[in-house]
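Novice: One structure follows; several queries about it will come next.
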Amino acid sequence: MNKKIVVITGSPRKNGNSFAMTDAFIRAAEQKGHSVTRFDAAMMNLSGCHACETCFKTGKACSFDDDFNTVAPAILEADAVIFSMPVYWYSIPGQIKNLIDKLYSFFVVNKDISGKECGLIACCEEEDLSIMDGVRVPMERTAALLRWRMIGEVLIPGVLNTGDIDKTDGCRQAAELAEKI
């Protein structure tokens with residue numbers, strides 16, 4: 001069955017390592033017949049959540065009209081959501097964190113977005129795989145809170161410079177993640 005997949009990236013480096021893995025995932029997903037909608041959070045206007053709890057009162061997910069109002073309908077329609085990002089300062093990059101925080105809007109109005117599949121693609125400079133915990137754990141807990149099924153994680157350490165990903169199997173692993181949808 002062909003599925004609707006939303007891919008949300010968190011890197012400002014268009015030619016970076018996480019983008020290379022994202023591209024590999026998208027190519028593999030589209031080859032399987034899935035439709036993919038990609039949102040590059042770092043290139044979007046995404047303010048932080050104001051905790052005003054007026055979500056969806058204006059007919060849009062966020063009362064503060066930013067690009068989350070473009071992403072939210074796609075998430076509602078999606079069968080799967082894939083997050084792709086580098087590790088920044090041992091955590092989720094700010095470029096994508098505002099978007100993740102605004103997922104709260106679905107709870108404010110009791111919009112049921114459960115049952116989706118979710119995946120994580122991440123990379124970091126350091127070789128120690130535990131460095132990924134600052135991204136992996138929050139994303140696993142986010143999926144659990146939303147009642148999404150985590151289908152897989154691609155966690156690639158030891159990449160910093162553009163092209164370093166080519167010295168790993170990260171792009172292959174990202175493409176294989178598409179096989180799990």
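By order of appearance in the structure tokens: chains A, B, ..., then residues from 1 within every chain, and ligands from 1 in the order shown.
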Quick one: everything within 9 Å of A:Ile75, counting only C-alpha atoms, minus sequence neighbours fewer than 3 positions away in the same chain. Send it as a ChimeraX atom specification.
Specialist: /A:5-6,71-72,78-81,113
Novice: With DSSP run on the backbone, what are the strand (DSSP E or B) residues within stretch 68-115 of chain A? I'd like them as a ChimeraX atom specification.
Specialist: /A:80-86,88,91
Novice: Need to verify the contact set: A:Met150, 7 Å, only C-alpha atoms, exclusion of same-chain residues closer than 5 positions in sequence. Can you return it as an MDAnalysis selection string?
Specialist: chainID A and resid 117:119 143
Novice: So that I have them on file, write out the residues from the current selection with C-alpha atoms, as a PDB file, in the first residue's frame.
Specialist:
```
ATOM      1  CA  GLU A 117       4.780   5.398  11.781  1.00  0.00           C
ATOM      2  CA  CYS A 118       7.828   7.401  12.793  1.00  0.00           C
ATOM      3  CA  GLY A 119      11.528   7.213  12.063  1.00  0.00           C
ATOM      4  CA  ALA A 143       6.744   9.084  19.265  1.00  0.00           C
TER       5      ALA A 143
END
```
Novice: My list of candidates is A:Glu176, A:Asp40, A:Glu53, A:Glu140. Which is closest to A:Pro12 when distances are computed with only C-alpha atoms?
Specialist: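 Closest to A:Pro12 of all the choices is A:Asp40.
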Novice: I need the residue nearest A:Leu99 from this list: A:Val137, A:Ser11, A:Val87, A:Ala41. Use only C-alpha atoms for the distance.
Specialist: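 Smallest distance to A:Leu99 is found for A:Ala41.
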Novice: I want to know what sits within 7 Å of stretch 161-172 of chain A, based on only C-alpha atoms, with residues of the same chain fewer than 6 positions away left out; could you give that as an mmCIF file with N, CA and C atoms, in the first residue's frame?
Specialist:
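New file selection.cif:
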```
data_model
loop_
_atom_site.group_PDB
_atom_site.id
_atom_site.type_symbol
_atom_site.label_atom_id
_atom_site.label_comp_id
_atom_site.auth_asym_id
_atom_site.auth_seq_id
_atom_site.Cartn_x
_atom_site.Cartn_y
_atom_site.Cartn_z
ATOM 1 N N ASN A 15 23.921 20.759 1.713
ATOM 2 C CA ASN A 15 24.776 19.702 1.169
ATOM 3 C C ASN A 15 25.414 18.884 2.278
ATOM 4 N N GLY A 16 24.826 18.941 3.458
ATOM 5 C CA GLY A 16 25.403 18.261 4.601
ATOM 6 C C GLY A 16 25.107 16.777 4.649
ATOM 7 N N ASN A 17 25.620 16.152 5.674
ATOM 8 C CA ASN A 17 25.522 14.700 5.821
ATOM 9 C C ASN A 17 24.100 14.223 6.108
ATOM 10 N N ALA A 20 22.153 14.300 2.914
ATOM 11 C CA ALA A 20 22.482 13.184 2.021
ATOM 12 C C ALA A 20 21.688 11.942 2.428
ATOM 13 N N MET A 21 21.600 11.691 3.725
ATOM 14 C CA MET A 21 20.829 10.536 4.187
ATOM 15 C C MET A 21 19.337 10.739 3.930
ATOM 16 N N ALA A 24 18.637 10.007 0.345
ATOM 17 C CA ALA A 24 18.655 8.559 0.095
ATOM 18 C C ALA A 24 17.347 7.927 0.563
#
```
Novice: Among stretch 22-140 of chain A, which residues does DSSP mark as helix (DSSP H, G or I) when it is run on the backbone? Keep the chain and numbering as in the structure and answer as a PyMOL selection string.
Specialist: chain A and resi 22-31+41-43+68-77+94-101+104-108+129-140
Novice: I need the residues from that last selection saved to file as a short mmCIF file (atom, residue, chain, number, x, y, z; two decimals), in the first residue's frame (with N, CA and C atoms), if you can.
Specialist:
```
data_model
loop_
_atom_site.label_atom_id
_atom_site.label_comp_id
_atom_site.auth_asym_id
_atom_site.auth_seq_id
_atom_site.Cartn_x
_atom_site.Cartn_y
_atom_site.Cartn_z
N THR A 22 18.87 11.97 4.12
CA THR A 22 17.46 12.29 3.84
C THR A 22 17.14 12.02 2.38
N ASP A 23 18.00 12.49 1.50
CA ASP A 23 17.79 12.28 0.06
C ASP A 23 17.76 10.80 -0.28
N ALA A 24 18.64 10.01 0.35
CA ALA A 24 18.65 8.56 0.10
C ALA A 24 17.35 7.93 0.56
N PHE A 25 16.85 8.35 1.72
CA PHE A 25 15.58 7.84 2.22
C PHE A 25 14.45 8.19 1.26
N ILE A 26 14.38 9.45 0.84
CA ILE A 26 13.29 9.90 -0.03
C ILE A 26 13.31 9.16 -1.36
N ARG A 27 14.48 9.00 -1.96
CA ARG A 27 14.58 8.25 -3.23
C ARG A 27 14.04 6.83 -3.06
N ALA A 28 14.44 6.17 -1.99
CA ALA A 28 14.00 4.79 -1.76
C ALA A 28 12.49 4.73 -1.50
N ALA A 29 11.97 5.69 -0.74
CA ALA A 29 10.53 5.71 -0.45
C ALA A 29 9.72 5.95 -1.72
N GLU A 30 10.17 6.87 -2.54
CA GLU A 30 9.45 7.16 -3.79
C GLU A 30 9.53 5.98 -4.75
N GLN A 31 10.67 5.28 -4.76
CA GLN A 31 10.78 4.09 -5.61
C GLN A 31 9.81 3.00 -5.19
N ALA A 41 13.04 22.46 8.04
CA ALA A 41 12.72 23.38 9.12
C ALA A 41 13.69 24.55 9.21
N ALA A 42 14.95 24.32 8.92
CA ALA A 42 15.95 25.39 9.03
C ALA A 42 15.73 26.49 7.99
N MET A 43 14.98 26.21 6.95
CA MET A 43 14.72 27.19 5.91
C MET A 43 13.31 27.79 6.02
N PHE A 68 4.54 26.57 10.58
CA PHE A 68 3.97 25.36 11.16
C PHE A 68 2.58 25.11 10.60
N ASN A 69 1.90 26.18 10.24
CA ASN A 69 0.55 26.04 9.68
C ASN A 69 0.55 25.39 8.30
N THR A 70 1.68 25.31 7.66
CA THR A 70 1.83 24.56 6.42
C THR A 70 2.15 23.10 6.72
N VAL A 71 2.95 22.87 7.75
CA VAL A 71 3.38 21.52 8.11
C VAL A 71 2.27 20.73 8.80
N ALA A 72 1.52 21.36 9.69
CA ALA A 72 0.50 20.65 10.49
C ALA A 72 -0.51 19.87 9.64
N PRO A 73 -1.09 20.47 8.58
CA PRO A 73 -2.04 19.68 7.78
C PRO A 73 -1.38 18.46 7.12
N ALA A 74 -0.13 18.60 6.73
CA ALA A 74 0.58 17.46 6.13
C ALA A 74 0.78 16.35 7.15
N ILE A 75 1.10 16.72 8.39
CA ILE A 75 1.25 15.72 9.45
C ILE A 75 -0.08 15.04 9.72
N LEU A 76 -1.15 15.80 9.74
CA LEU A 76 -2.48 15.21 9.96
C LEU A 76 -2.79 14.15 8.90
N GLU A 77 -2.41 14.41 7.67
CA GLU A 77 -2.71 13.50 6.55
C GLU A 77 -1.72 12.35 6.42
N GLY A 94 17.99 23.61 17.15
CA GLY A 94 16.93 24.58 17.35
C GLY A 94 16.07 24.76 16.11
N GLN A 95 16.67 24.56 14.93
CA GLN A 95 15.94 24.75 13.68
C GLN A 95 14.74 23.82 13.56
N ILE A 96 14.80 22.66 14.19
CA ILE A 96 13.69 21.71 14.12
C ILE A 96 12.92 21.63 15.44
N LYS A 97 13.55 22.05 16.53
CA LYS A 97 12.93 21.95 17.85
C LYS A 97 11.65 22.77 17.95
N ASN A 98 11.62 23.96 17.35
CA ASN A 98 10.39 24.76 17.40
C ASN A 98 9.23 24.01 16.76
N LEU A 99 9.48 23.34 15.67
CA LEU A 99 8.43 22.57 15.00
C LEU A 99 7.97 21.42 15.89
N ILE A 100 8.91 20.71 16.48
CA ILE A 100 8.56 19.59 17.35
C ILE A 100 7.74 20.09 18.54
N ASP A 101 8.14 21.21 19.12
CA ASP A 101 7.38 21.76 20.25
C ASP A 101 5.94 22.09 19.87
N TYR A 104 2.51 20.06 20.12
CA TYR A 104 1.63 20.22 21.28
C TYR A 104 0.24 20.71 20.86
N SER A 105 0.17 21.46 19.78
CA SER A 105 -1.12 22.00 19.33
C SER A 105 -2.16 20.91 19.11
N PHE A 106 -1.74 19.73 18.70
CA PHE A 106 -2.68 18.63 18.48
C PHE A 106 -3.30 18.16 19.80
N PHE A 107 -2.54 18.25 20.90
CA PHE A 107 -3.06 17.86 22.21
C PHE A 107 -4.05 18.87 22.75
N VAL A 108 -3.78 20.15 22.51
CA VAL A 108 -4.63 21.21 23.05
C VAL A 108 -6.08 21.02 22.62
N LEU A 129 28.67 6.75 20.09
CA LEU A 129 27.26 6.64 19.72
C LEU A 129 26.33 7.19 20.81
N SER A 130 26.78 7.24 22.06
CA SER A 130 25.93 7.78 23.12
C SER A 130 25.66 9.27 22.95
N ILE A 131 26.44 9.94 22.12
CA ILE A 131 26.22 11.36 21.82
C ILE A 131 24.82 11.53 21.20
N MET A 132 24.34 10.51 20.53
CA MET A 132 23.03 10.56 19.87
C MET A 132 21.87 10.54 20.87
N ASP A 133 22.13 10.23 22.13
CA ASP A 133 21.05 10.12 23.11
C ASP A 133 20.25 11.41 23.24
N GLY A 134 20.90 12.55 23.06
CA GLY A 134 20.21 13.83 23.17
C GLY A 134 19.19 14.07 22.07
N VAL A 135 19.28 13.31 21.00
CA VAL A 135 18.30 13.35 19.91
C VAL A 135 17.40 12.12 19.98
N ARG A 136 18.02 10.97 20.14
CA ARG A 136 17.30 9.70 20.10
C ARG A 136 16.23 9.60 21.19
N VAL A 137 16.60 9.88 22.42
CA VAL A 137 15.65 9.72 23.53
C VAL A 137 14.45 10.67 23.40
N PRO A 138 14.67 11.97 23.16
CA PRO A 138 13.49 12.84 22.99
C PRO A 138 12.59 12.42 21.82
N MET A 139 13.18 11.94 20.73
CA MET A 139 12.36 11.54 19.59
C MET A 139 11.61 10.26 19.88
N GLU A 140 12.23 9.32 20.60
CA GLU A 140 11.52 8.10 20.99
C GLU A 140 10.36 8.43 21.93
#
```
Novice: Report, in Å with one decimal, the straight-line distance from atom CA of A:Asp67 to atom CA of A:Asn45.
Specialist: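 So the answer is 5.4 Å.
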Novice: Which residue, A:Leu146, A:Val154, A:Val36, A:Val159, has the smallest gap to A:Lys116 when you use only C-alpha atoms?
Specialist: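 Looking at the shortest contact to A:Lys116, the residue is A:Leu146.
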Novice: Ranking A:Cys62, A:Tyr90, A:Leu155, A:Met85 by minimum distance to A:Val109 and counting only C-alpha atoms, which one comes first?
Specialist: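 Of A:Cys62, A:Tyr90, A:Leu155, A:Met85, the one nearest A:Val109 is A:Cys62, counting only C-alpha atoms.
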Novice: Restricting the calculation to only C-alpha atoms: of A:Glu125, A:Cys49, A:Thr142, A:Thr54, which residue gets closest to A:Trp89?
Specialist: A:Glu125
Novice: Using only C-alpha atoms, which residues sit within 8 Å of stretch 32-34 of chain A once same-chain residues fewer than 5 positions away are excluded, as a list in words?
Specialist: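 Skipping anything fewer than 5 positions along the chain leaves Asn2, Lys3, Lys4, Ile5 and Glu179 of chain A.
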Novice: Just checking: using only C-alpha atoms, which residue out of A:Leu46, A:Cys52, A:Ala174, A:Ile82 ends up closest to A:Asp66?
Specialist: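 Looking only at the distances to A:Asp66, the closest residue turns out to be A:Leu46.
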